[in-house]
$ cat data-v8.tsv   # TSV, C-alpha atoms
chain	number	residue	atom	x	y	z
A	139	MET	CA	46.86	84.68	17.52
A	140	THR	CA	48.99	83.04	20.18
A	141	LEU	CA	52.36	81.54	19.45
A	142	GLU	CA	51.08	78.06	20.28
A	143	SER	CA	48.20	78.27	17.80
A	144	ALA	CA	50.45	79.75	15.09
A	145	ILE	CA	52.92	76.88	15.56
A	146	SER	CA	50.08	74.36	15.43
A	147	GLU	CA	48.69	75.79	12.19
A	148	LEU	CA	52.12	75.82	10.58
A	149	ARG	CA	52.67	72.20	11.61
A	150	SER	CA	49.37	71.22	9.98
A	151	THR	CA	50.36	73.07	6.80
A	152	LEU	CA	53.68	71.23	6.74
A	153	GLY	CA	51.91	67.93	7.23
A	154	GLY	CA	49.77	68.46	4.12
A	155	THR	CA	50.66	67.61	0.56
A	156	ARG	CA	53.51	69.68	-0.79
A	157	SER	CA	52.43	69.19	-4.37
A	158	ALA	CA	49.59	71.66	-3.96
A	159	SER	CA	50.18	74.80	-5.98
A	160	ASN	CA	49.42	77.06	-3.05
A	161	TRP	CA	51.55	75.17	-0.49
A	162	ARG	CA	54.35	77.75	-0.61
A	163	LEU	CA	51.89	80.61	-0.21
A	164	MET	CA	50.12	78.91	2.71
A	165	THR	CA	53.45	78.14	4.38
A	166	ARG	CA	54.63	81.71	3.92
A	167	LYS	CA	51.38	83.00	5.43
A	168	GLN	CA	51.77	80.68	8.42
A	169	LEU	CA	55.43	81.71	8.86
A	170	ALA	CA	54.26	85.33	8.97
A	171	ALA	CA	51.71	84.40	11.65
A	172	VAL	CA	54.43	82.70	13.73
A	173	ARG	CA	56.68	85.74	13.27
A	174	GLU	CA	53.90	88.10	14.34
A	175	ALA	CA	53.06	86.00	17.40
A	176	LEU	CA	56.75	85.83	18.34
A	177	SER	CA	57.06	89.60	17.88
A	178	ASP	CA	54.09	90.17	20.17
A	179	GLU	CA	55.63	88.16	23.01
A	180	ARG	CA	56.98	90.74	25.40
A	181	PHE	CA	57.99	90.05	28.93
A	182	SER	CA	58.71	92.58	31.60
A	183	SER	CA	62.29	93.04	32.59
A	184	TRP	CA	63.49	90.43	35.02
A	185	ASP	CA	65.29	91.23	38.22
A	186	GLY	CA	68.32	89.72	39.82
A	187	TRP	CA	69.43	86.28	38.82
A	188	LEU	CA	66.90	86.01	35.96
A	189	ALA	CA	68.21	89.10	34.14
A	190	ALA	CA	71.00	87.27	32.30
A	191	ARG	CA	68.69	84.47	31.16
A	192	SER	CA	66.04	86.92	29.98
A	193	GLY	CA	68.65	88.89	28.03
A	194	ALA	CA	69.84	85.72	26.32
A	195	SER	CA	66.25	84.77	25.54
A	196	ASP	CA	65.60	88.17	24.01
A	197	ARG	CA	68.66	87.83	21.79
A	198	GLU	CA	67.49	84.36	20.76
A	199	ARG	CA	64.04	85.77	19.95
A	200	GLN	CA	65.61	88.42	17.73
A	201	GLN	CA	67.61	85.75	15.88
A	202	LEU	CA	64.48	83.65	15.38
A	203	LEU	CA	62.62	86.67	14.02
A	204	GLY	CA	65.43	87.24	11.54
A	205	ARG	CA	65.42	83.61	10.45
A	206	LEU	CA	61.62	83.68	10.04
A	207	THR	CA	61.86	86.81	7.91
A	208	ALA	CA	64.64	85.39	5.73
A	209	LEU	CA	62.95	82.05	5.20
A	210	GLY	CA	59.54	83.59	4.51
A	211	GLY	CA	60.98	86.11	2.07
A	212	GLY	CA	62.66	83.51	-0.12
A	213	LEU	CA	60.02	80.83	0.15
A	214	LEU	CA	58.19	81.53	-3.11
A	215	ASP	CA	61.37	81.42	-5.21
A	216	ARG	CA	62.63	78.02	-4.10
A	217	LEU	CA	61.81	74.94	-6.12
A	218	ASP	CA	62.62	72.04	-3.80
A	219	THR	CA	59.61	71.85	-1.48
A	220	ASP	CA	61.02	68.94	0.54
A	221	ARG	CA	64.13	70.91	1.43
A	222	VAL	CA	62.05	74.00	2.26
A	223	ALA	CA	59.79	71.89	4.49
A	224	ALA	CA	62.85	70.50	6.30
A	225	GLU	CA	64.18	74.02	6.90
A	226	VAL	CA	60.80	75.20	8.17
A	227	ARG	CA	60.58	72.19	10.52
A	228	ARG	CA	64.06	72.93	11.87
A	229	LEU	CA	63.13	76.57	12.46
A	230	LEU	CA	59.85	75.54	14.05
A	231	ASN	CA	61.69	73.25	16.47
A	232	ASP	CA	63.94	76.16	17.43
A	233	VAL	CA	60.89	78.36	18.03
A	234	GLU	CA	59.36	75.66	20.24
A	235	HIS	CA	62.61	75.36	22.21
A	236	TYR	CA	62.56	79.14	22.70
A	237	ARG	CA	58.94	78.96	23.88
A	238	GLN	CA	59.86	76.25	26.39
A	239	LYS	CA	62.77	78.34	27.69
A	240	MET	CA	60.39	81.25	28.23
A	241	HIS	CA	57.97	79.00	30.11
A	242	ASP	CA	60.87	77.81	32.27
A	243	LEU	CA	61.88	81.41	32.94
A	244	VAL	CA	58.36	82.32	34.03
A	245	TYR	CA	58.18	79.19	36.21
A	246	ASP	CA	61.49	80.03	37.86
A	247	SER	CA	60.38	83.59	38.58
A	248	VAL	CA	57.17	82.39	40.24
A	249	SER	CA	59.08	79.71	42.11
A	250	MET	CA	61.44	82.35	43.46
A	251	GLU	CA	58.58	84.62	44.54
A	252	ILE	CA	56.81	81.97	46.60
A	253	GLY	CA	59.92	80.39	48.04
A	254	GLY	CA	60.53	77.42	45.80
A	255	SER	CA	60.77	73.85	46.99
A	256	GLU	CA	63.59	74.33	49.46
$ encode --input "data-v8.tsv" --output "structure tokens"
Amino acid sequence: MTLESAISELRSTLGGTRSASNWRLMTRKQLAAVREALSDERFSSWDGWLAARSGASDRERQQLLGRLTALGGGLLDRLDTDRVAAEVRRLLNDVEHYRQKMHDLVYDSVSMEIGGSE
């Protein structure tokens, strides 16, 4: 499963009714899918001026994986589903920002290879 489809499925789960008895279980399953998709995203090492940005992105990815693990692990024990949903949304926004940064990094590497706009 790609990261984009995992994010989309988690968003649809969050948009559903939180009163359902299996909402926590479904959300935990979708968090695991996002975590797996994020774990599978590997990029080759970047050269030159992109090395620092790729290192920072890798550190950010590791932090997101830790947050996904922590939130998914404690999801079934928490009672307030609205607060849990807000935390999951916040984490999901951070994952989407990470994904956009990676797209920007890939764009910049291609732009550099073909000469850019200058």
$ residues_around --input "data-v8.tsv" --residues "range 211-220 of chain A" --least-positions-apart "5" --cutoff "8 Å" --atoms "all atoms listed in the file" --output "PyMOL selection string"
chain A and resi 156+162-163+166
$ residues_around --input "data-v8.tsv" --residues "Thr151 in chain A" --least-positions-apart "2" --cutoff "9 Å" --atoms "all atoms listed in the file" --output "JSON, numbers by chain"
{"A": [146, 147, 148, 149, 153, 154, 155, 156, 161, 164, 165, 168]}
$ atom_distance --input "data-v8.tsv" --atom1 "CA of Ser192 in chain A" --atom2 "CA of Met240 in chain A"
8.2 Å
$ atom_distance --input "data-v8.tsv" --atom1 "CA of Gly204 in chain A" --atom2 "CA of Leu188 in chain A"
24.5 Å
$ atom_distance --input "data-v8.tsv" --atom1 "CA of Lys167 in chain A" --atom2 "CA of Gly210 in chain A"
8.2 Å
$ closest_residue --input "data-v8.tsv" --among "A:Ala189, A:Ala223, A:Ile145, A:Leu209" --to "Ser157 in chain A" --atoms "all atoms listed in the file"
A:Ala223
$ axis_aligned_box --input "data-v8.tsv" --around "range 213-224 of chain A" --padding-each-side "3 Å" --output "lines of an AutoDock Vina configuration file"
center_x = 61.2
center_y = 75.2
center_z = 0.1
size_x = 11.9
size_y = 18.6
size_z = 18.4
$ closest_residue --input "data-v8.tsv" --among "A:Val248, A:Ala194, A:Arg173, A:Asp178" --to "Leu229 in chain A" --atoms "all atoms listed in the file"
A:Arg173
$ closest_residue --input "data-v8.tsv" --among "A:Arg197, A:Arg227, A:Arg221, A:Arg237" --to "Leu176 in chain A" --atoms "all atoms listed in the file"
A:Arg237
